[in-house]
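Dumped data24.csv below, it's CSV, C-alpha atoms:
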chain,number,residue,atom,x,y,z
A,1361,MET,CA,25.5,68.2,5.5
A,1362,LEU,CA,23.4,70.3,7.9
A,1363,ASN,CA,26.3,71.0,10.2
A,1364,GLU,CA,27.6,74.5,9.3
A,1365,HIS,CA,25.4,74.7,6.3
A,1366,ALA,CA,21.7,74.9,7.5
A,1367,CYS,CA,20.1,78.1,8.5
A,1368,ALA,CA,19.1,78.5,12.2
A,1369,ASP,CA,15.5,78.2,11.3
A,1370,HIS,CA,15.9,75.1,9.1
A,1371,VAL,CA,13.5,72.3,9.9
A,1372,THR,CA,15.1,68.9,9.5
A,1373,GLU,CA,13.4,66.5,7.1
A,1374,ASN,CA,13.6,62.7,6.7
A,1375,GLY,CA,16.8,62.1,4.6
A,1376,ASP,CA,18.8,65.0,5.9
A,1377,ALA,CA,22.4,63.9,6.7
A,1378,ALA,CA,23.5,66.0,9.7
A,1379,TYR,CA,27.2,65.4,9.5
A,1380,LEU,CA,28.1,63.8,6.2
A,1381,PRO,CA,29.9,66.0,3.7
A,1382,ILE,CA,27.8,67.4,0.8
A,1383,GLY,CA,27.9,64.9,-2.1
A,1384,THR,CA,28.5,61.8,0.1
A,1385,VAL,CA,26.8,58.8,-1.6
A,1386,ILE,CA,24.3,57.1,0.7
A,1387,TYR,CA,23.5,53.5,0.0
A,1388,GLU,CA,20.7,51.2,1.1
A,1389,LEU,CA,22.0,48.4,3.3
A,1390,LYS,CA,21.1,45.1,1.7
A,1391,GLY,CA,18.5,43.2,3.7
A,1392,TYR,CA,17.2,46.3,5.6
A,1393,LYS,CA,14.6,49.0,4.9
A,1394,SER,CA,16.3,52.3,4.2
A,1395,HIS,CA,14.3,54.1,6.8
A,1396,TYR,CA,16.1,51.9,9.4
A,1397,ARG,CA,19.7,51.4,8.1
A,1398,VAL,CA,21.8,53.0,5.4
A,1399,VAL,CA,25.6,53.0,4.6
A,1400,ALA,CA,27.8,55.9,3.8
A,1401,ASN,CA,31.6,56.1,3.8
A,1402,ASN,CA,31.7,52.4,4.9
A,1403,LYS,CA,29.8,53.2,8.0
A,1404,VAL,CA,26.3,51.9,9.0
A,1405,TYR,CA,23.8,54.5,10.1
A,1406,GLU,CA,20.8,53.4,12.0
A,1407,ALA,CA,17.6,55.3,12.8
A,1408,LYS,CA,17.1,56.0,16.5
A,1409,GLU,CA,13.6,57.5,16.0
A,1410,ASN,CA,11.0,57.4,13.3
A,1411,PRO,CA,7.8,59.6,13.6
A,1412,ASN,CA,6.0,57.3,11.2
A,1413,ALA,CA,6.7,54.1,13.2
A,1414,LYS,CA,3.7,52.6,15.0
A,1415,THR,CA,5.5,49.7,16.6
A,1416,MET,CA,9.1,48.9,17.6
A,1417,GLY,CA,9.1,46.5,14.6
A,1418,ASP,CA,8.4,49.6,12.4
A,1419,LEU,CA,11.3,51.4,14.0
A,1420,MET,CA,13.8,48.5,13.9
A,1421,ASP,CA,13.7,46.4,10.8
A,1422,ILE,CA,15.2,43.3,12.6
A,1423,GLU,CA,12.4,40.7,12.6
A,1424,GLY,CA,14.0,37.3,11.7
A,1425,LYS,CA,17.5,38.9,11.7
A,1426,VAL,CA,18.5,38.5,15.4
A,1427,GLU,CA,21.2,36.1,16.3
A,1428,LYS,CA,21.3,36.6,20.0
A,1429,VAL,CA,20.5,38.9,22.9
A,1430,SER,CA,23.1,39.6,25.6
A,1431,LEU,CA,23.4,41.4,28.9
A,1432,GLU,CA,26.2,44.0,29.2
A,1433,SER,CA,27.8,45.8,32.1
A,1434,GLY,CA,26.4,49.2,32.7
A,1435,ILE,CA,29.8,50.3,33.9
A,1436,ASP,CA,32.1,49.5,31.0
A,1437,GLY,CA,29.9,47.8,28.3
A,1438,SER,CA,31.6,44.5,28.7
A,1439,PRO,CA,29.6,41.3,27.9
A,1440,ILE,CA,28.2,39.5,30.9
A,1441,GLY,CA,26.3,36.7,29.3
A,1442,ASP,CA,23.7,35.7,26.7
A,1443,PHE,CA,20.0,35.0,26.9
A,1444,PRO,CA,19.3,31.3,26.1
A,1445,GLN,CA,18.2,31.2,22.4
A,1446,ASP,CA,14.5,30.4,23.2
A,1447,VAL,CA,14.4,33.3,25.6
A,1448,ALA,CA,16.0,35.6,23.1
A,1449,SER,CA,13.3,34.6,20.6
A,1450,GLU,CA,10.6,35.2,23.1
A,1451,PHE,CA,12.1,38.6,23.9
A,1452,MET,CA,12.1,39.6,20.3
A,1453,ASN,CA,8.5,38.3,19.8
A,1454,GLU,CA,7.4,40.5,22.7
A,1455,LEU,CA,9.5,43.6,21.8
A,1456,LEU,CA,8.7,44.1,18.1
A,1457,PRO,CA,4.9,44.5,18.5
A,1458,LEU,CA,5.2,47.1,21.3
A,1459,ARG,CA,3.7,50.5,20.5
A,1460,TYR,CA,6.5,52.9,19.6
A,1461,VAL,CA,6.1,56.2,21.5
A,1462,GLY,CA,9.6,57.6,21.1
A,1463,PHE,CA,12.5,58.4,23.4
A,1464,ASP,CA,11.1,61.7,24.8
A,1465,GLU,CA,7.9,60.0,26.0
A,1466,VAL,CA,9.7,57.1,27.9
A,1467,TYR,CA,12.4,59.5,29.2
A,1468,LYS,CA,9.8,61.2,31.4
A,1469,LYS,CA,9.3,57.9,33.2
A,1470,PHE,CA,12.9,56.7,33.6
A,1471,LYS,CA,15.0,59.8,33.8
A,1472,HIS,CA,16.3,59.0,37.3
A,1473,GLU,CA,16.4,55.3,37.0
A,1474,THR,CA,19.4,52.9,36.5
A,1475,GLY,CA,18.9,50.7,33.4
A,1476,ILE,CA,19.7,47.2,32.3
A,1477,PHE,CA,22.0,47.2,29.3
A,1478,LEU,CA,21.2,44.8,26.5
A,1479,ARG,CA,23.0,44.1,23.3
A,1480,VAL,CA,21.1,42.7,20.3
A,1481,TYR,CA,23.3,40.9,17.8
A,1482,LEU,CA,22.1,40.6,14.2
A,1483,GLN,CA,22.9,37.8,11.7
A,1484,ASP,CA,24.9,40.2,9.6
A,1485,GLY,CA,27.6,40.6,12.3
A,1486,THR,CA,26.4,44.0,13.6
A,1487,SER,CA,24.8,44.8,16.9
A,1488,PHE,CA,23.3,47.6,18.9
A,1489,ARG,CA,22.7,48.4,22.5
A,1490,MET,CA,19.3,48.9,24.1
A,1491,VAL,CA,18.7,50.0,27.7
A,1492,TYR,CA,15.7,48.7,29.6
A,1493,TYR,CA,14.5,50.5,32.7
A,1494,PRO,CA,12.6,47.9,34.9
A,1495,LYS,CA,10.8,50.3,37.3
A,1496,ALA,CA,9.4,52.3,34.4
A,1497,ASN,CA,9.1,49.1,32.3
A,1498,ALA,CA,10.5,51.1,29.4
A,1499,PHE,CA,13.1,50.8,26.6
A,1500,SER,CA,15.4,53.7,25.7
A,1501,ALA,CA,14.5,53.0,22.0
A,1502,GLY,CA,11.0,54.4,22.7
A,1503,ALA,CA,8.5,51.9,24.1
A,1504,PHE,CA,6.9,50.7,27.3
A,1505,GLY,CA,7.2,47.0,27.9
A,1506,THR,CA,4.7,44.3,28.9
A,1507,GLU,CA,4.7,42.5,32.3
A,1508,LYS,CA,5.9,39.4,30.4
A,1509,LEU,CA,8.9,41.3,29.0
A,1510,GLN,CA,9.7,42.9,32.4
A,1511,SER,CA,9.7,39.4,34.0
A,1512,LEU,CA,11.7,37.9,31.3
A,1513,ILE,CA,14.5,40.6,31.3
A,1514,VAL,CA,14.7,40.8,35.1
A,1515,SER,CA,14.8,37.0,35.6
A,1516,GLN,CA,17.5,36.6,32.8
A,1517,ARG,CA,19.6,39.4,34.3
A,1518,LYS,CA,19.4,37.6,37.7
A,1519,GLU,CA,20.3,34.2,36.2
A,1520,ILE,CA,23.1,35.5,34.0
A,1521,LYS,CA,24.7,37.5,36.8
A,1522,ALA,CA,24.5,34.5,39.1
A,1523,ALA,CA,26.2,32.3,36.5
A,1524,ALA,CA,28.9,34.9,36.0
A,1525,GLY,CA,29.4,35.2,39.8
A,1526,LEU,CA,28.3,38.8,40.0
Just give me the structure of the file as structure tokens.
Amino acid sequence: MLNEHACADHVTENGDAAYLPIGTVIYELKGYKSHYRVVANNKVYEAKENPNAKTMGDLMDIEGKVEKVSLESGIDGSPIGDFPQDVASEFMNELLPLRYVGFDEVYKKFKHETGIFLRVYLQDGTSFRMVYYPKANAFSAGAFGTEKLQSLIVSQRKEIKAAAGL
């Protein structure tokens, strides 16, 4: 546990557990690389950054593990609708090879922009939220998108919202 135990000049290292009590057993999560997801105290912990990642696929160990991609309300996080399966597959095929630059780099481009809230559901029953910023063509997870991804997300948002009467 770093919280209340590390000196002010401590430089965090890969593997430091900021808020877990000293002695907590940390397990690899079956089916995932430990640099992406681990389990401790019956809770899944997921990496939000990785200085060694070159691509989004390096950051997120989710290739072949995605069940669906959905659009969520930016107001309350409620589900609005799902991408069709073929579009979700295309989304993932475009997302994972993107060059990973980290949150700080993309934040410079989108810091005053309203985002599109996406939820990625995995086959193991878990999910995570990702925000896409269309003007910056950037993902909060730390990558800039392609024109194809931008078109795909914006068009799906329009179609899903129209179908939902929003």
Exercise for the section: Compile the contact shell of Asp1421 in chain A as JSON, numbers by chain: residues with an atom at most 12 Å away, counting all atoms listed in the file, same-chain residues fewer than 2 positions apart removed. Expected result: {"A": [1389, 1390, 1391, 1392, 1393, 1394, 1395, 1396, 1397, 1398, 1406, 1407, 1408, 1410, 1413, 1415, 1416, 1417, 1418, 1419, 1423, 1424, 1425, 1426, 1452, 1456, 1457, 1482]}
Practice task
Work out how far apart CA of Leu1478 in chain A and CA of Ser1430 in chain A are and give it in Å to one decimal.
Solution key: 5.6 Å
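The shortest atom-to-atom distance to Arg1489 in chain A, with all atoms listed in the file taken into account, belongs to A:Ile1476 out of A:Ile1435, A:Ile1422, A:Ile1476, A:Ile1520.
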Practice task
Would you work out the distance separating CA of Val1429 in chain A from CA of Lys1468 in chain A, expressed in Å to one decimal?
Solution key: 26.2 Å
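Between Tyr1387 in chain A and the residues A:Asn1401, A:Ala1498, A:Gln1516, A:Lys1521, the shortest atom-to-atom distance, using all atoms listed in the file, involves A:Asn1401.
Distances from A:Glu1450, A:Tyr1492, A:His1472, A:Ser1487 to Tyr1405 in chain A were compared using all atoms listed in the file, and the smallest one belongs to A:Ser1487.
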Problem - A:Arg1479, A:Lys1403, A:Lys1518, A:Lys1414 ranked by distance to Glu1388 in chain A, top pick (using all atoms listed in the file) - result: A:Lys1403
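Closest approach to Phe1470 in chain A among A:Gly1525, A:Gln1445, A:Gly1502, A:Thr1486: A:Gly1502, based on only C-alpha atoms.
Nearest to Ala1523 in chain A of all the residues A:Tyr1493, A:Phe1451, A:Val1399, A:Gly1441 is A:Gly1441, counting all atoms listed in the file.
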Handout entry: Selection near Pro1494 in chain A, 9 Å with all atoms listed in the file, sequence-local residues under 3 positions removed, as a VMD selection string
Key = chain A and resid 1470 1473 to 1476 1497 to 1499 1505 1510 1513 to 1514
Could the residues in this selection be written to a file with C-alpha atoms, as a PDB file, in the coordinates of the input?
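Here's the written file again08.pdb:
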ATOM      1  CA  PHE A1470      12.900  56.700  33.600  1.00  0.00           C
ATOM      2  CA  GLU A1473      16.400  55.300  37.000  1.00  0.00           C
ATOM      3  CA  THR A1474      19.400  52.900  36.500  1.00  0.00           C
ATOM      4  CA  GLY A1475      18.900  50.700  33.400  1.00  0.00           C
ATOM      5  CA  ILE A1476      19.700  47.200  32.300  1.00  0.00           C
ATOM      6  CA  ASN A1497       9.100  49.100  32.300  1.00  0.00           C
ATOM      7  CA  ALA A1498      10.500  51.100  29.400  1.00  0.00           C
ATOM      8  CA  PHE A1499      13.100  50.800  26.600  1.00  0.00           C
ATOM      9  CA  GLY A1505       7.200  47.000  27.900  1.00  0.00           C
ATOM     10  CA  GLN A1510       9.700  42.900  32.400  1.00  0.00           C
ATOM     11  CA  ILE A1513      14.500  40.600  31.300  1.00  0.00           C
ATOM     12  CA  VAL A1514      14.700  40.800  35.100  1.00  0.00           C
TER      13      VAL A1514
END
Completion exercise
note - CA of Ala1503 in chain A and CA of Ala1524 in chain A are separated by 29.1 Å
List the neighbours of Gly1437 in chain A out to 9 Å using all atoms listed in the file; skip same-chain residues closer than 4 positions along the sequence, and give me the result as a tab-separated table (two decimals) with C-alpha atoms, keeping the file's coordinate frame.
chain	number	residue	atom	x	y	z
A	1432	GLU	CA	26.20	44.00	29.20
A	1433	SER	CA	27.80	45.80	32.10
A	1477	PHE	CA	22.00	47.20	29.30
